[in-house]
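> Here you go, one structure.
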Amino acid sequence: MTRESLSNAEWLRTVDRFGGAELLEKEAREFGAFERARKIKCGVDQLRLILAYCWGRRGLRLTAAWAEAIGLASLSNVALLKRLRNSADWLERLVCRLIGAGSPGVAVAKGRPVRLVDATSVAKAGRDARESGGRWRVHSVFDLASERFTAFDLTDESEGEVIDRADVVAGEIRVGDRVYLQPDRIAKVVGAGADIVVRAGWNNARWLDIEGNRLDLIALLKKARGKGLIDRPIWIKGSAKEPIALRLVAIRKPKQARDLSIEKLKRHARDKGRNLMPETLVAAEWVLIVTSLDRDEYPLSAISALYRLRWRIEIAFKHLKSGVGLAGPPGDDPRSARAYILCHLLLGLLTEPLIAEHLGDSPRREAA
């Protein structure tokens, strides 16, 4: 294979970003994605063909025709699909390498890394999957300071979101939404030397006071309505014998936000034909957060500011879907669906540096 056979400078730069042609050829064979040069000359050409299909809108048949027209490969749409299915593990290696290429950043929080955890999903193809709510779920970690994803894990809907799915970096502050209020898993994150800032629902934890007695959270919220703030130590009981010592931070929403939250809950209940619990309406007035961070070092205002930074991972997901075009894979085969999604994650990682450069010294980065 010669560099000239790759045909254009933009593709050559992309190959370099992936680690270079020599490394790609070696890995393509190691992972069983490319075995011998027949209809496709080399592993790098196969990668280009697969990316052209996943990133484009031609479909298998037209992508195969395009490849033959430019002299890239001569194969049928069925053969292209087979190559795609065999490339998933190799593509995952490329995703891991691009994630590792981003220099780890350190966000505010007194020089500690802030890592946002969340997941996004796309629909599975096929009528049966749609009717049963079948989804491909992309579990992610986003490093705030470097404006980059630092971990991906691809599953289907059978695996839920967990706060300790990605390896913990000692000293990090891991920020998550209310789905991540998981006492046993939070204990693992804290035990590995990190801290957490996690949104809470009033009824998705077993709340205890510092003496180990049941805490009536709703009564506490009602009592604090006048002040509008709560910052106190609490315990949360999981399956472990000992409860987890954390800190409850609660901030009452402004009246307009309270009214909107309550109206949204009422509308949703009407649509579902359900009755709302009075406790749900009380809790809707508040933003509830639990954290393991020290109160003296991180006062209530700092905890609130840290949680508000979650919008950055939402913007990153929007880039993956609206900018990169991540959507439900066209086929229902798990191997090709996995490869299709991984190709879009690659494109997102390739374009992240451009976004970070565009942000420059903007208020976004200052806030991070």
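In the structure tokens, chains take the letters A, B, ... in the order shown, each chain's residues start at 1, and ligands count up from 1 in the order shown.
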Would you return as JSON, numbers by chain the members of segment 112-359 of chain A that DSSP assigns to alpha helix (DSSP H) on this structure's backbone?
{"A": [127, 128, 129, 130, 131, 183, 184, 185, 186, 187, 188, 189, 190, 191, 217, 218, 219, 220, 221, 222, 223, 255, 256, 257, 258, 259, 260, 261, 262, 263, 264, 265, 266, 267, 268, 269, 270, 271, 272, 278, 279, 280, 281, 282, 283, 300, 301, 302, 303, 304, 305, 306, 307, 308, 311, 312, 313, 314, 315, 316, 317, 318, 334, 335, 336, 337, 338, 339, 340, 341, 342, 343, 344, 345, 346, 347, 348, 349, 350, 351, 352, 353, 354, 355, 356, 357, 358, 359]}
> How many Å lie between atom CA of Arg252 of chain A and atom CA of Asp195 of chain A, rounded to one decimal?
23.8 Å
> Write down as a PyMOL selection string the residues of segment 23-240 of chain A whose backbone DSSP state falls under strand (DSSP E).
chain A and resi 114-123+135-143+148-156+173-176+195-199+206-208+229-237
> Quick check, in Å to one decimal: how far apart do atom CA of Ala316 of chain A and atom CA of Lys124 of chain A lie?
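Answer for the atom CA of Ala316 of chain A to atom CA of Lys124 of chain A separation: 21.5 Å.
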> Give me the residues near Val197 of chain A as a ChimeraX atom specification, where near means some atom within 9 Å (using only C-alpha atoms) and where sequence neighbours in that chain fewer than 3 positions away do not count.
/A:173-177,289-293,303,306-307
> Keeping only all heavy atoms, write the selected residues to a file as a compact mmCIF listing (two decimals), in the first residue's frame.

# COMPACT_ATOMS: atom_id res chain seq x y z
N ILE A 173 -14.12 14.93 40.73
CA ILE A 173 -15.48 15.19 41.22
C ILE A 173 -16.41 14.71 40.12
O ILE A 173 -16.42 15.25 39.02
CB ILE A 173 -15.71 16.67 41.52
CG1 ILE A 173 -14.75 17.15 42.62
CG2 ILE A 173 -17.15 16.91 41.96
CD1 ILE A 173 -14.80 18.64 42.86
N ARG A 174 -17.18 13.68 40.41
CA ARG A 174 -18.05 13.06 39.41
C ARG A 174 -19.47 13.60 39.60
O ARG A 174 -20.05 13.48 40.68
CB ARG A 174 -18.01 11.54 39.55
CG ARG A 174 -18.69 10.79 38.43
CD ARG A 174 -18.28 9.33 38.39
NE ARG A 174 -16.92 9.14 37.92
CZ ARG A 174 -16.43 8.00 37.43
NH1 ARG A 174 -17.21 6.93 37.38
NH2 ARG A 174 -15.19 7.91 37.02
N VAL A 175 -20.02 14.19 38.54
CA VAL A 175 -21.30 14.88 38.61
C VAL A 175 -22.33 14.13 37.77
O VAL A 175 -22.08 13.81 36.60
CB VAL A 175 -21.17 16.34 38.10
CG1 VAL A 175 -22.50 17.07 38.22
CG2 VAL A 175 -20.07 17.08 38.86
N GLY A 176 -23.49 13.84 38.37
CA GLY A 176 -24.51 13.10 37.65
C GLY A 176 -25.92 13.52 38.00
O GLY A 176 -26.16 14.17 39.02
N ASP A 177 -26.85 13.12 37.16
CA ASP A 177 -28.27 13.42 37.37
C ASP A 177 -28.86 12.42 38.36
O ASP A 177 -28.18 11.53 38.87
CB ASP A 177 -29.00 13.37 36.03
CG ASP A 177 -30.22 14.28 36.01
OD1 ASP A 177 -30.64 14.73 37.09
OD2 ASP A 177 -30.76 14.53 34.92
N ILE A 289 -29.76 17.91 45.94
CA ILE A 289 -28.44 17.41 45.54
C ILE A 289 -27.78 16.74 46.73
O ILE A 289 -27.87 17.24 47.86
CB ILE A 289 -27.54 18.57 45.04
CG1 ILE A 289 -28.17 19.28 43.84
CG2 ILE A 289 -26.14 18.06 44.67
CD1 ILE A 289 -27.47 20.57 43.45
N VAL A 290 -27.15 15.60 46.49
CA VAL A 290 -26.32 14.99 47.53
C VAL A 290 -24.87 15.05 47.07
O VAL A 290 -24.59 14.95 45.87
CB VAL A 290 -26.73 13.53 47.84
CG1 VAL A 290 -28.12 13.48 48.43
CG2 VAL A 290 -26.63 12.65 46.61
N THR A 291 -23.97 15.21 48.01
CA THR A 291 -22.55 15.31 47.69
C THR A 291 -21.71 14.74 48.82
O THR A 291 -22.15 14.70 49.97
CB THR A 291 -22.15 16.78 47.41
OG1 THR A 291 -20.77 16.83 47.04
CG2 THR A 291 -22.38 17.65 48.62
N SER A 292 -20.52 14.34 48.46
CA SER A 292 -19.56 13.88 49.46
C SER A 292 -18.51 14.95 49.74
O SER A 292 -17.59 14.73 50.53
CB SER A 292 -18.86 12.60 48.97
OG SER A 292 -18.23 12.82 47.71
N LEU A 293 -18.63 16.11 49.11
CA LEU A 293 -17.65 17.18 49.27
C LEU A 293 -17.79 17.85 50.64
O LEU A 293 -18.91 18.00 51.17
CB LEU A 293 -17.81 18.22 48.16
CG LEU A 293 -17.39 17.76 46.76
CD1 LEU A 293 -17.88 18.73 45.70
CD2 LEU A 293 -15.87 17.60 46.68
N ILE A 303 -21.53 23.91 45.40
CA ILE A 303 -22.19 22.66 45.01
C ILE A 303 -23.22 22.95 43.92
O ILE A 303 -23.33 22.23 42.92
CB ILE A 303 -22.87 22.01 46.22
CG1 ILE A 303 -21.84 21.70 47.31
CG2 ILE A 303 -23.60 20.74 45.79
CD1 ILE A 303 -20.71 20.81 46.87
N LEU A 306 -21.40 23.59 40.66
CA LEU A 306 -20.87 22.36 40.07
C LEU A 306 -21.96 21.57 39.37
O LEU A 306 -21.77 21.08 38.25
CB LEU A 306 -20.21 21.50 41.16
CG LEU A 306 -18.80 21.88 41.58
CD1 LEU A 306 -18.40 21.15 42.85
CD2 LEU A 306 -17.81 21.58 40.46
N TYR A 307 -23.12 21.47 40.01
CA TYR A 307 -24.19 20.69 39.38
C TYR A 307 -24.69 21.37 38.10
O TYR A 307 -25.00 20.70 37.11
CB TYR A 307 -25.37 20.46 40.34
CG TYR A 307 -26.42 19.61 39.67
CD1 TYR A 307 -26.21 18.25 39.52
CD2 TYR A 307 -27.57 20.17 39.13
CE1 TYR A 307 -27.14 17.46 38.86
CE2 TYR A 307 -28.49 19.39 38.47
CZ TYR A 307 -28.28 18.04 38.34
OH TYR A 307 -29.17 17.26 37.66
> One decimal, in Å: what's the spacing between atom CA of Leu346 of chain A and atom CA of Leu75 of chain A?
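Going from atom CA of Leu346 of chain A over to atom CA of Leu75 of chain A, I get 24.4 Å.
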> Tell me which protein, DNA and RNA residues are within 7 Å of segment 284-288 of chain A, counting only C-alpha atoms, leaving out same-chain ones fewer than 5 positions away, and put them as a list in words.
Arg199, Ala200, Gly201, Val249, Ala250, Ile251, Arg252, Lys253, Arg258, Ser261 and Ile262 of chain A
> If we count only C-alpha atoms, what is near Val324 of chain A at a cut-off of 7 Å, once residues fewer than 3 positions away on the same chain are taken out, given as a list in words?
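Within the cut-off, the hits are His319, Leu320, Lys321, His344, Leu347 and Gly348 of chain A.
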> For the residues selected in the previous step, produce a file with all heavy atoms as a PDB file, in the first residue's frame.

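And here is the file that came out, out_16.pdb:
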ATOM      1  N   HIS A 319     -24.218  17.708  20.011  1.00  0.00           N
ATOM      2  CA  HIS A 319     -23.260  17.703  18.900  1.00  0.00           C
ATOM      3  C   HIS A 319     -23.206  16.324  18.257  1.00  0.00           C
ATOM      4  O   HIS A 319     -23.182  16.198  17.023  1.00  0.00           O
ATOM      5  CB  HIS A 319     -21.876  18.123  19.400  1.00  0.00           C
ATOM      6  CG  HIS A 319     -20.786  17.914  18.393  1.00  0.00           C
ATOM      7  ND1 HIS A 319     -20.765  18.556  17.177  1.00  0.00           N
ATOM      8  CD2 HIS A 319     -19.683  17.108  18.414  1.00  0.00           C
ATOM      9  CE1 HIS A 319     -19.698  18.173  16.486  1.00  0.00           C
ATOM     10  NE2 HIS A 319     -19.035  17.299  17.213  1.00  0.00           N
ATOM     11  N   LEU A 320     -23.201  15.272  19.075  1.00  0.00           N
ATOM     12  CA  LEU A 320     -23.164  13.919  18.521  1.00  0.00           C
ATOM     13  C   LEU A 320     -24.382  13.645  17.644  1.00  0.00           C
ATOM     14  O   LEU A 320     -24.269  13.013  16.589  1.00  0.00           O
ATOM     15  CB  LEU A 320     -23.119  12.885  19.655  1.00  0.00           C
ATOM     16  CG  LEU A 320     -21.777  12.602  20.312  1.00  0.00           C
ATOM     17  CD1 LEU A 320     -21.945  11.604  21.449  1.00  0.00           C
ATOM     18  CD2 LEU A 320     -20.762  12.080  19.299  1.00  0.00           C
ATOM     19  N   LYS A 321     -25.541  14.129  18.060  1.00  0.00           N
ATOM     20  CA  LYS A 321     -26.763  13.791  17.335  1.00  0.00           C
ATOM     21  C   LYS A 321     -27.066  14.775  16.199  1.00  0.00           C
ATOM     22  O   LYS A 321     -27.375  14.367  15.077  1.00  0.00           O
ATOM     23  CB  LYS A 321     -27.934  13.719  18.308  1.00  0.00           C
ATOM     24  CG  LYS A 321     -27.841  12.516  19.243  1.00  0.00           C
ATOM     25  CD  LYS A 321     -29.084  12.338  20.085  1.00  0.00           C
ATOM     26  CE  LYS A 321     -29.031  11.023  20.848  1.00  0.00           C
ATOM     27  NZ  LYS A 321     -30.227  10.771  21.660  1.00  0.00           N
ATOM     28  N   HIS A 344     -19.750   6.861  14.483  1.00  0.00           N
ATOM     29  CA  HIS A 344     -20.222   8.207  14.800  1.00  0.00           C
ATOM     30  C   HIS A 344     -19.521   8.758  16.047  1.00  0.00           C
ATOM     31  O   HIS A 344     -19.268   9.963  16.132  1.00  0.00           O
ATOM     32  CB  HIS A 344     -21.741   8.206  14.968  1.00  0.00           C
ATOM     33  CG  HIS A 344     -22.466   8.157  13.655  1.00  0.00           C
ATOM     34  ND1 HIS A 344     -22.671   6.984  12.969  1.00  0.00           N
ATOM     35  CD2 HIS A 344     -22.999   9.136  12.890  1.00  0.00           C
ATOM     36  CE1 HIS A 344     -23.307   7.247  11.845  1.00  0.00           C
ATOM     37  NE2 HIS A 344     -23.526   8.542  11.777  1.00  0.00           N
ATOM     38  N   LEU A 347     -16.327  10.148  14.784  1.00  0.00           N
ATOM     39  CA  LEU A 347     -16.488  11.457  14.167  1.00  0.00           C
ATOM     40  C   LEU A 347     -16.646  12.542  15.231  1.00  0.00           C
ATOM     41  O   LEU A 347     -16.088  13.637  15.106  1.00  0.00           O
ATOM     42  CB  LEU A 347     -17.701  11.445  13.229  1.00  0.00           C
ATOM     43  CG  LEU A 347     -17.958  12.731  12.436  1.00  0.00           C
ATOM     44  CD1 LEU A 347     -16.729  13.147  11.642  1.00  0.00           C
ATOM     45  CD2 LEU A 347     -19.159  12.552  11.508  1.00  0.00           C
ATOM     46  N   GLY A 348     -17.393  12.230  16.282  1.00  0.00           N
ATOM     47  CA  GLY A 348     -17.523  13.196  17.367  1.00  0.00           C
ATOM     48  C   GLY A 348     -16.184  13.511  18.012  1.00  0.00           C
ATOM     49  O   GLY A 348     -15.874  14.666  18.303  1.00  0.00           O
TER      50      GLY A 348
END
> Looking at A:Gly191, A:Gly160, A:Gly126, A:Gly171, which one is nearest to Asp333 of chain A, with distances taken over only C-alpha atoms?
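For Asp333 of chain A, the nearest of the given residues is A:Gly126.
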> Counting only C-alpha atoms, figure out which residue out of A:Arg17, A:Lys264, A:His139, A:Lys237 gets nearest to Pro353 of chain A.
A:Arg17
> Which polymer residues have any atom within 12 Å of an atom of Thr14 of chain A, counting only C-alpha atoms, with same-chain residues fewer than 5 positions away left out, as a ChimeraX atom specification?
/A:6,8-9,19-21,24,44,47-48,51,94,98,346-347,349-351
> Applying 12 Å and only C-alpha atoms, which residues near Asp209 of chain A remain after dropping the ones on its own chain fewer than 2 positions away? List them as a PyMOL selection string.
chain A and resi 206-207+211-217+220+232-237+243-248
> Looking at A:Ala224, A:Ala339, A:Cys54, A:Leu49, which one is nearest to Trp66 of chain A, with distances taken over only C-alpha atoms?
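Of A:Ala224, A:Ala339, A:Cys54, A:Leu49, the one nearest Trp66 of chain A is A:Leu49, counting only C-alpha atoms.
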